[in-house]
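Okay, entry06.txt is below, compact mmCIF, C-alpha atoms:
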```txt
# COMPACT_ATOMS: atom_id res chain seq x y z
CA MET T 27 17.05 17.17 -27.22
CA ARG T 28 17.93 19.38 -30.18
CA LEU T 29 17.74 23.12 -29.58
CA THR T 30 15.46 25.22 -31.73
CA GLU T 31 16.98 28.34 -33.27
CA ALA T 32 15.13 30.48 -30.75
CA ASP T 33 16.34 28.33 -27.84
CA GLU T 34 19.91 28.45 -29.10
CA ALA T 35 19.77 32.23 -29.41
CA ALA T 36 18.37 32.53 -25.89
CA LEU T 37 20.98 30.14 -24.51
CA ARG T 38 23.75 32.05 -26.27
CA GLU T 39 22.53 35.26 -24.66
CA PHE T 40 22.33 33.55 -21.28
CA TYR T 41 25.87 32.26 -21.75
CA SER T 42 27.21 35.71 -22.61
CA ALA T 43 25.58 37.18 -19.54
CA GLN T 44 26.37 34.44 -17.02
CA GLN T 45 29.62 32.78 -18.06
CA PRO T 46 32.10 35.48 -16.96
CA ARG T 47 30.32 36.08 -13.68
CA LEU T 48 30.16 32.37 -12.88
CA VAL T 49 33.85 31.91 -13.74
CA GLY T 50 34.58 34.68 -11.26
CA VAL T 51 32.57 32.94 -8.55
CA VAL T 52 33.95 29.46 -9.22
CA SER T 53 37.52 30.82 -9.38
CA LEU T 54 37.15 31.69 -5.72
CA LEU T 55 36.21 28.09 -4.99
CA THR T 56 38.96 26.49 -7.03
CA GLY T 57 41.74 29.04 -6.65
CA SER T 58 42.37 28.67 -10.37
CA ARG T 59 40.68 30.53 -13.17
CA ALA T 60 41.58 27.83 -15.72
CA GLU T 61 39.94 25.21 -13.51
CA ALA T 62 36.93 27.46 -13.06
CA GLU T 63 36.60 27.92 -16.81
CA ASP T 64 36.61 24.14 -17.26
CA ILE T 65 33.97 23.68 -14.58
CA VAL T 66 31.72 26.41 -15.93
CA GLN T 67 32.06 24.98 -19.41
CA GLU T 68 31.02 21.56 -18.11
CA ALA T 69 28.04 23.12 -16.33
CA PHE T 70 26.92 24.76 -19.57
CA VAL T 71 27.38 21.50 -21.48
CA ARG T 72 25.00 19.88 -18.99
CA LEU T 73 22.61 22.78 -19.37
CA VAL T 74 22.29 22.47 -23.16
CA PRO T 75 20.03 19.36 -23.24
CA ARG T 76 17.99 20.73 -20.31
CA TRP T 77 17.72 24.31 -21.54
CA ALA T 78 14.08 24.09 -22.65
CA LYS T 79 13.14 23.10 -19.10
CA VAL T 80 15.65 25.08 -17.04
CA SER T 81 15.02 28.31 -18.97
CA ARG T 82 11.50 28.29 -17.54
CA TYR T 83 12.78 28.17 -13.98
CA GLU T 84 12.51 31.27 -11.88
CA SER T 85 16.31 31.35 -11.67
CA PRO T 86 18.13 29.44 -14.42
CA GLU T 87 21.36 31.04 -13.17
CA GLY T 88 20.69 29.45 -9.78
CA TRP T 89 20.48 26.01 -11.40
CA LEU T 90 23.69 26.64 -13.30
CA ARG T 91 25.48 27.93 -10.20
CA LEU T 92 24.43 24.88 -8.23
CA VAL T 93 25.73 22.51 -10.92
CA ALA T 94 29.01 24.43 -11.10
CA MET T 95 29.42 24.42 -7.31
CA ARG T 96 28.82 20.68 -7.13
CA LEU T 97 31.30 20.08 -9.94
CA ALA T 98 33.84 22.24 -8.11
CA ALA T 99 33.27 20.31 -4.88
CA ASN T 100 33.62 16.97 -6.70
CA ARG T 101 36.84 18.04 -8.35
CA HIS T 102 38.11 19.31 -5.04
CA ARG T 103 37.46 15.90 -3.48
CA ASN T 104 39.38 14.22 -6.28
CA ALA T 105 42.14 16.81 -6.15
CA THR T 106 42.80 16.32 -2.45
CA ARG T 107 44.02 12.85 -3.30
CA PHE T 108 46.63 14.50 -5.50
CA ALA T 109 47.26 17.36 -3.11
CA SER T 110 50.82 16.51 -2.25
CA LEU T 111 51.60 15.46 -5.78
CA LEU T 112 50.26 18.47 -7.57
CA ARG T 113 51.60 21.30 -5.51
CA ARG T 114 51.64 24.51 -7.47
CA VAL T 115 54.95 25.41 -8.98
CA PRO T 116 56.46 28.25 -6.93
CA THR T 117 55.55 31.60 -8.40
CA SER T 118 59.20 32.61 -8.25
CA ASP T 119 59.78 30.08 -11.00
CA VAL T 120 56.61 30.65 -12.94
CA PRO T 121 54.98 34.06 -12.69
CA ASP T 122 51.21 33.84 -12.67
CA PRO T 123 49.68 36.52 -14.86
CA ALA T 124 46.59 36.37 -12.68
CA ASP T 125 48.60 37.39 -9.62
CA GLY T 126 47.81 40.79 -8.25
CA GLN T 127 45.42 42.52 -5.98
CA GLY T 128 43.68 40.29 -3.49
CA LEU T 129 46.06 37.38 -3.88
CA ASP T 130 46.54 37.01 -0.12
CA LEU T 131 42.81 36.86 0.42
CA GLU T 132 42.42 34.42 -2.45
CA ARG T 133 45.08 32.17 -0.94
CA ALA T 134 43.42 32.39 2.45
CA LEU T 135 40.14 31.40 0.84
CA THR T 136 41.65 28.33 -0.80
CA GLN T 137 42.99 27.24 2.60
CA LEU T 138 39.44 26.97 3.92
CA PRO T 139 37.61 23.65 3.85
CA MET T 140 35.39 23.50 0.76
CA PRO T 141 32.08 23.72 2.70
CA ALA T 142 33.18 26.95 4.40
CA ARG T 143 34.49 28.27 1.10
CA GLN T 144 31.16 27.57 -0.59
CA ALA T 145 29.25 29.29 2.17
CA ALA T 146 31.51 32.35 2.07
CA VAL T 147 31.33 32.67 -1.71
CA LEU T 148 27.55 32.27 -1.82
CA TYR T 149 27.10 34.78 1.00
CA TYR T 150 29.67 37.44 0.19
CA VAL T 151 29.95 37.19 -3.58
CA CYS T 152 26.56 35.88 -4.72
CA ASP T 153 24.66 37.86 -2.05
CA LEU T 154 22.48 34.90 -1.13
CA PRO T 155 20.76 35.00 2.26
CA VAL T 156 21.56 32.27 4.79
CA PRO T 157 18.28 30.32 4.26
CA GLU T 158 18.91 30.15 0.51
CA ILE T 159 22.50 29.04 1.04
CA ALA T 160 21.21 26.33 3.35
CA THR T 161 18.79 25.14 0.67
CA THR T 162 21.44 25.30 -2.03
CA LEU T 163 23.99 23.32 -0.04
CA GLY T 164 21.40 21.00 1.50
CA VAL T 165 22.38 21.78 5.10
CA ALA T 166 20.74 23.45 8.10
CA GLU T 167 20.84 27.23 8.49
CA GLY T 168 22.84 26.84 11.69
CA THR T 169 25.45 24.88 9.77
CA VAL T 170 25.72 27.68 7.22
CA LYS T 171 26.12 30.25 10.01
CA SER T 172 28.87 28.25 11.66
CA ARG T 173 30.66 27.78 8.32
CA LEU T 174 30.40 31.51 7.65
CA SER T 175 31.76 32.25 11.09
CA ARG T 176 34.72 29.95 10.48
CA ALA T 177 35.33 31.52 7.07
CA ARG T 178 35.10 35.04 8.49
CA ALA T 179 37.57 34.24 11.22
CA ALA T 180 40.08 32.69 8.83
CA LEU T 181 39.76 35.33 6.13
CA SER T 182 40.10 38.19 8.58
CA GLN T 183 43.66 36.93 9.21
CA SER T 184 44.48 37.54 5.55
CA PRO T 185 47.07 40.34 5.12
CA THR T 186 44.70 41.95 2.63
CA LEU T 187 42.15 42.53 5.34
CA ARG T 188 44.32 42.66 8.44
CA GLY T 189 44.06 46.07 9.98
CA ALA T 190 40.71 46.84 8.42
CA ASP T 191 37.65 47.26 10.58
CA HIS T 192 35.53 44.15 10.87
CA GLU T 193 32.21 43.58 12.46
CA MET N 26 32.65 42.59 7.03
CA ASN N 27 31.92 45.00 4.21
CA ASP N 28 35.64 44.97 3.44
CA LEU N 29 35.59 41.21 3.04
CA LYS N 30 32.52 41.34 0.82
CA HIS N 31 34.02 44.12 -1.28
CA ASP N 32 37.39 42.41 -1.63
CA LEU N 33 35.93 39.02 -2.56
CA GLN N 34 33.64 40.59 -5.12
CA THR N 35 36.57 42.53 -6.56
CA ILE N 36 38.55 39.32 -6.98
CA ALA N 37 35.55 37.56 -8.56
CA ASP N 38 35.06 40.50 -10.93
CA ARG N 39 38.72 40.40 -11.93
CA HIS N 40 38.48 36.71 -12.78
CA ALA N 41 35.22 37.36 -14.62
CA GLN N 42 36.83 40.07 -16.75
CA GLN N 43 39.71 37.78 -17.67
CA SER N 44 37.62 34.69 -18.25
CA GLY N 45 37.63 32.93 -21.57
CA GLY N 46 35.13 30.52 -23.00
CA ASP N 47 33.61 29.44 -26.25
CA PHE N 48 29.90 28.87 -26.70
CA GLU N 49 30.39 26.89 -29.92
CA THR N 50 32.59 24.37 -28.07
CA ILE N 51 29.83 23.89 -25.52
CA LEU N 52 27.26 23.21 -28.24
CA ARG N 53 29.64 20.83 -30.02
CA THR N 54 30.43 18.93 -26.82
CA ALA N 55 26.77 18.65 -25.85
CA THR N 56 25.87 17.43 -29.36
CA SER N 57 28.73 14.94 -29.34
CA ARG N 58 27.56 13.50 -26.01
CA ARG N 59 24.01 13.21 -27.30
CA ARG N 60 25.30 11.29 -30.32
CA ARG N 61 27.34 8.97 -28.11
CA ARG N 62 24.32 8.28 -25.96
CA PHE N 63 22.26 7.66 -29.10
CA ALA N 64 24.93 5.37 -30.47
CA GLY N 65 24.93 3.43 -27.21
CA VAL N 66 21.15 3.11 -27.26
CA SER N 67 21.29 2.08 -30.92
CA ALA N 68 23.86 -0.59 -30.16
CA ALA N 69 21.73 -1.93 -27.34
CA ALA N 70 18.65 -1.87 -29.56
CA CYS N 71 20.56 -3.71 -32.30
CA ALA N 72 21.62 -6.35 -29.80
CA VAL N 73 18.03 -6.83 -28.72
CA LEU N 74 16.90 -7.06 -32.34
CA ALA N 75 19.65 -9.54 -33.15
CA VAL N 76 18.72 -11.75 -30.22
CA GLY N 77 15.07 -11.51 -31.25
CA GLY N 78 15.99 -12.40 -34.82
CA ILE N 79 17.91 -15.47 -33.73
CA ALA N 80 15.08 -16.52 -31.44
CA THR N 81 12.55 -16.41 -34.24
CA LEU N 82 15.05 -17.79 -36.77
CA ALA N 83 14.00 -15.00 -39.08
CA PRO N 84 16.65 -13.29 -41.18
CA TRP N 85 17.58 -9.91 -39.76
CA GLN N 86 18.20 -7.36 -42.41
CA ASN N 87 20.01 -4.09 -42.11
CA ASP N 88 18.04 -1.29 -43.76
CA GLY N 89 21.32 0.18 -44.96
CA SER N 90 21.01 3.41 -43.01
CA PRO N 91 24.35 4.43 -41.51
CA ALA N 92 24.67 4.15 -37.76
CA PRO N 93 25.31 7.45 -36.00
CA VAL N 94 29.03 7.96 -35.67
CA ALA N 95 30.29 9.43 -32.44
CA SER N 96 32.62 12.28 -33.22
CA GLY N 97 35.87 12.30 -31.28
CA PRO N 98 36.73 14.77 -28.56
CA THR N 99 37.86 18.17 -29.74
CA LEU N 100 40.31 20.49 -28.06
CA ASP N 101 38.85 23.51 -26.37
CA PRO N 102 39.95 26.59 -28.37
CA ARG N 103 41.40 28.03 -25.16
CA TYR N 104 44.10 25.38 -25.29
CA GLN N 105 44.84 25.55 -29.01
CA GLY N 106 48.58 25.98 -29.49
CA THR N 107 49.42 25.76 -25.79
CA MET N 108 51.13 22.38 -26.07
CA THR N 109 52.13 19.94 -28.81
CA ILE N 110 52.39 16.19 -28.29
CA THR N 111 54.70 14.19 -30.53
CA PRO N 112 53.53 11.72 -31.61
CA ALA N 113 49.88 12.62 -31.01
CA THR N 114 48.97 8.93 -31.22
CA ALA N 115 50.97 6.51 -29.13
CA ALA N 116 50.74 3.02 -27.69
CA PRO N 117 50.74 2.30 -23.95
CA GLY N 118 54.30 2.29 -22.66
CA ALA N 119 55.54 4.51 -25.49
CA GLU N 120 57.33 7.77 -24.81
CA ILE N 121 55.91 11.05 -26.03
CA ALA N 122 57.44 14.51 -26.16
CA LEU N 123 55.66 17.70 -25.16
CA THR N 124 56.68 21.07 -26.56
CA TYR N 125 55.35 24.54 -25.81
CA PRO N 126 55.54 28.11 -27.00
CA ALA N 127 58.81 29.74 -25.93
CA GLY N 128 58.97 30.84 -22.32
CA TYR N 129 56.11 28.67 -21.09
CA GLY N 130 56.45 27.79 -17.41
CA ARG N 131 55.21 24.53 -15.93
CA GLY N 132 56.04 21.81 -13.43
CA ILE N 133 56.87 18.18 -14.06
CA GLY N 134 53.36 16.89 -13.27
CA PHE N 135 50.71 16.24 -15.92
CA VAL N 136 47.25 14.75 -15.85
CA LEU N 137 45.55 12.48 -18.34
CA VAL N 138 41.88 13.35 -18.35
CA GLN N 139 38.76 11.73 -19.77
CA PRO N 140 37.47 14.47 -22.10
CA ALA N 141 33.81 13.54 -21.69
CA ASP N 142 33.59 14.40 -18.01
CA GLY N 143 36.95 15.85 -17.02
CA LYS N 144 37.73 12.90 -14.76
CA GLN N 145 41.44 12.58 -13.97
CA LEU N 146 42.59 9.07 -14.79
CA TYR N 147 46.37 9.24 -14.48
CA THR N 148 49.13 11.48 -13.24
CA LEU N 149 52.19 11.55 -15.46
CA ILE N 150 55.58 12.74 -14.27
CA ALA N 151 58.06 14.06 -16.81
CA GLY N 152 61.53 12.59 -16.93
CA ARG N 153 64.29 14.82 -15.57
CA GLY N 154 67.98 14.10 -16.08
CA LYS N 155 68.54 10.46 -15.22
CA THR N 156 65.03 10.03 -13.86
CA LYS N 157 62.79 8.31 -16.36
CA PRO N 158 59.21 9.49 -16.94
CA SER N 159 56.64 7.70 -14.83
CA TRP N 160 52.90 7.55 -14.23
CA TYR N 161 50.39 6.72 -11.52
CA SER N 162 46.75 5.89 -11.84
CA ALA N 163 44.35 8.13 -9.92
CA LYS N 164 43.72 5.52 -7.27
CA ASP N 165 47.43 4.92 -6.69
CA ALA N 166 48.49 8.56 -6.51
CA GLU N 167 47.43 9.06 -2.91
CA GLY N 168 50.32 9.96 -0.65
CA ARG N 169 52.88 10.25 -3.40
CA VAL N 170 55.11 13.29 -3.17
CA ILE N 171 57.24 14.89 -5.85
CA GLN N 172 59.40 17.96 -5.85
CA SER N 173 57.90 21.22 -7.07
CA ILE N 174 60.21 21.94 -9.97
CA GLY N 175 59.61 24.93 -12.19
CA ILE N 176 60.61 24.60 -15.82
CA ASN N 177 60.62 27.39 -18.37
CA GLY N 178 61.09 27.04 -22.10
CA PRO N 179 59.82 25.19 -25.11
CA GLY N 180 60.60 21.66 -23.95
CA PRO N 181 60.53 18.89 -24.91
CA ASP N 182 59.27 17.17 -21.76
CA GLN N 183 59.36 13.41 -21.98
CA LEU N 184 56.35 11.45 -20.73
CA VAL N 185 55.37 7.82 -20.94
CA VAL N 186 51.88 6.65 -21.88
CA PRO N 187 50.43 4.59 -18.99
CA ASP N 188 50.55 0.85 -19.65
CA THR N 189 46.99 0.40 -18.51
CA ALA N 190 45.44 3.26 -20.49
CA ALA N 191 42.59 2.04 -22.66
CA ASP N 192 42.53 2.93 -26.33
CA GLY N 193 40.91 6.27 -26.92
CA THR N 194 41.50 9.98 -27.06
CA TYR N 195 42.39 11.81 -23.85
CA LEU N 196 43.10 15.33 -22.77
CA LEU N 197 46.66 15.69 -21.50
CA CYS N 198 47.17 18.81 -19.40
CA THR N 199 49.78 20.38 -17.21
CA ALA N 200 48.92 19.61 -13.60
CA ASN N 201 50.48 22.45 -11.68
CA ALA N 202 51.46 25.15 -14.14
CA ALA N 203 50.36 28.69 -13.43
CA THR N 204 48.72 28.76 -16.85
CA LYS N 205 47.15 25.51 -17.94
CA ALA N 206 48.21 23.93 -21.24
CA CYS N 207 46.44 20.98 -22.81
CA ALA N 208 46.49 18.87 -25.96
CA LEU N 209 44.74 15.75 -27.17
CA LEU N 210 46.54 12.42 -26.91
CA THR N 211 45.24 9.33 -28.65
CA VAL N 212 46.19 5.98 -27.16
CA ALA N 213 46.11 3.16 -29.69
CA ARG N 214 47.53 -0.34 -29.39
```
So that I can check it, write out the structure of this file as structure tokens.
Amino acid sequence: MRLTEADEAALREFYSAQQPRLVGVVSLLTGSRAEAEDIVQEAFVRLVPRWAKVSRYESPEGWLRLVAMRLAANRHRNATRFASLLRRVPTSDVPDPADGQGLDLERALTQLPMPARQAAVLYYVCDLPVPEIATTLGVAEGTVKSRLSRARAALSQSPTLRGADHE
Amino acid sequence: MNDLKHDLQTIADRHAQQSGGDFETILRTATSRRRRRFAGVSAAACAVLAVGGIATLAPWQNDGSPAPVASGPTLDPRYQGTMTITPATAAPGAEIALTYPAGYGRGIGFVLVQPADGKQLYTLIAGRGKTKPSWYSAKDAEGRVIQSIGINGPGPDQLVVPDTAADGTYLLCTANAATKACALLTVAR
């Protein structure tokens, strides 16, 4: 479906508003900003032909986030097959410009299983309540709570947070 | 848990601030996919018409209008100038050389990706010293282990085009570099 000028302008505005934020969210899932940028781009490419319909949704950003999260999960599944092959080059050899504050926590997050990672990101970063996370991920609320509990336990061991007060 | 929430949001915000993207590339890619789908539908429709024409023994005439041409994949502007492949078009089994801007750090692993959907098709391993470049298809890569070797500098890195790669244009990217570099590689027999 070809976009009208008005649709294209609206989509461009939506892109400007949502793209950076979504890259930030997906980066936490993938552990790589470059990978997140690719995934978000793919999500927007899929949005273009559906924009006339999705733009009328109550939450177009919710649709986009769901697509991006599924793409990230799919890529993660594929990537685990390459896990041993594609180990990151040690940062002592190749400094990562993205390194900095929160790296320990980010690493701890990428050590979590993808379902727990998704739950943690949706809950802590996207501020979604448990019932909405359950709907988004297609699982029971109890499952979300147990994934969050697992994530909380693992992330609280991160040096970034160790020593801080936790509930 | 407010600390956790705050820290995760801070990390997400940092990535958001440093994110790059290009809306025009998204529009181009979406349009290109639509054309490919249209071309596929047109081809199928032509086949049906041709079969129908033969069945009725009536001459089938082309109206002369040009068929939609699918435009080839384009490189995301984020990756422009990050890596150069020489030659950019190569046959299966041929060696190619990758060069980079000075000081670029990467490993010896690369991935050959289907541009349309980002699907990884092959893993390519650069040659090092006496070790020749090699490749594995996605389904054969499971369980394979290589050393994490960091390389800095302009290259060249030597790779070999997979023997079983179909003709077409692919995205060739670093697999485990801190900063991703990509370029388009055309495989042609």
- Message: So that I can check the surroundings of Phe40 (chain T), please list as a list in words every protein, DNA and RNA residue that reaches within 10 Å of it, counting only C-alpha atoms and ignoring chain neighbours fewer than 5 positions away.
- Response: Glu34, Ala35, Gln45, Ser81, Pro86 and Glu87 of chain T
May I have the residues from that selection written out with C-alpha atoms, as a PDB file, in the coordinates of the input?
```pdb
ATOM      1  CA  GLU T  34      19.910  28.450 -29.100  1.00  0.00           C
ATOM      2  CA  ALA T  35      19.770  32.230 -29.410  1.00  0.00           C
ATOM      3  CA  GLN T  45      29.620  32.780 -18.060  1.00  0.00           C
ATOM      4  CA  SER T  81      15.020  28.310 -18.970  1.00  0.00           C
ATOM      5  CA  PRO T  86      18.130  29.440 -14.420  1.00  0.00           C
ATOM      6  CA  GLU T  87      21.360  31.040 -13.170  1.00  0.00           C
TER       7      GLU T  87
END
```
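From CA of Asp165 (chain N) back to CA of Ala119 (chain N), the distance works out to 20.5 Å.
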- Query: region 42-59 of chain N: which residues within 9 Å, counting only C-alpha atoms, same-chain residues fewer than 3 positions away excluded, as a PyMOL selection string?
  - Reply: (chain T and resi 27-28+38+41-42+45-47+49-50+59-60+62-64+66-68+70-75+124) or (chain N and resi 37-39+62-64+95-103+141)
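Taking CA of Asp188 (chain N) and CA of Tyr147 (chain N) as the two end points, the separation is 10.7 Å.
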Can you pull out every residue within 10 Å of Gln34 (chain N), counting all atoms listed in the file, but drop anything in the same chain fewer than 3 positions away, and send it as a JSON list (two decimals) with C-alpha atoms, keeping the file's coordinate frame?
```json
[["chain", "number", "residue", "atom", "x", "y", "z"],
["T", 50, "GLY", "CA", 34.58, 34.68, -11.26],
["T", 51, "VAL", "CA", 32.57, 32.94, -8.55],
["T", 54, "LEU", "CA", 37.15, 31.69, -5.72],
["T", 147, "VAL", "CA", 31.33, 32.67, -1.71],
["T", 150, "TYR", "CA", 29.67, 37.44, 0.19],
["T", 151, "VAL", "CA", 29.95, 37.19, -3.58],
["T", 152, "CYS", "CA", 26.56, 35.88, -4.72],
["T", 153, "ASP", "CA", 24.66, 37.86, -2.05],
["N", 28, "ASP", "CA", 35.64, 44.97, 3.44],
["N", 29, "LEU", "CA", 35.59, 41.21, 3.04],
["N", 30, "LYS", "CA", 32.52, 41.34, 0.82],
["N", 31, "HIS", "CA", 34.02, 44.12, -1.28],
["N", 37, "ALA", "CA", 35.55, 37.56, -8.56],
["N", 38, "ASP", "CA", 35.06, 40.50, -10.93],
["N", 39, "ARG", "CA", 38.72, 40.40, -11.93],
["N", 40, "HIS", "CA", 38.48, 36.71, -12.78]]
```
- Among the residues T:Asp33, T:Glu61, T:Asp130, T:Glu39, the one that comes closest to Arg82 (chain T) [using all atoms listed in the file]: T:Asp33
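Between CA of Thr156 (chain N) and CA of Arg131 (chain N) lies a distance of 17.6 Å.
Checking N:Ala163, N:Leu146, N:Ala202, N:Ala116 one by one against Gly134 (chain N), counting only C-alpha atoms, you find the shortest gap at N:Ala202.
Closest approach to Ala134 (chain T) among T:Gly57, T:Ala78, T:Gln44, T:Ala99 is made by T:Gly57 (distances from all atoms listed in the file).
Of the listed residues (T:Glu167, T:Glu84, T:Glu158, T:Glu132), T:Glu132 comes nearest to chain N; the distances count only C-alpha atoms.
Nearest residue to chain N among T:Arg178, T:Lys171, T:Leu163, T:Pro155 is T:Arg178, counting only C-alpha atoms.
With distances restricted to only C-alpha atoms, T:Leu181 is the closest residue to Leu131 (chain T) from T:Val156, T:Leu181, T:Arg91, T:Leu97.
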- Using only C-alpha atoms, what residues lie at most 12 Å away from (64.8, 5.6, -21.5) (file coordinates), given as a ChimeraX atom specification? /N:118-121,151-159,183-185
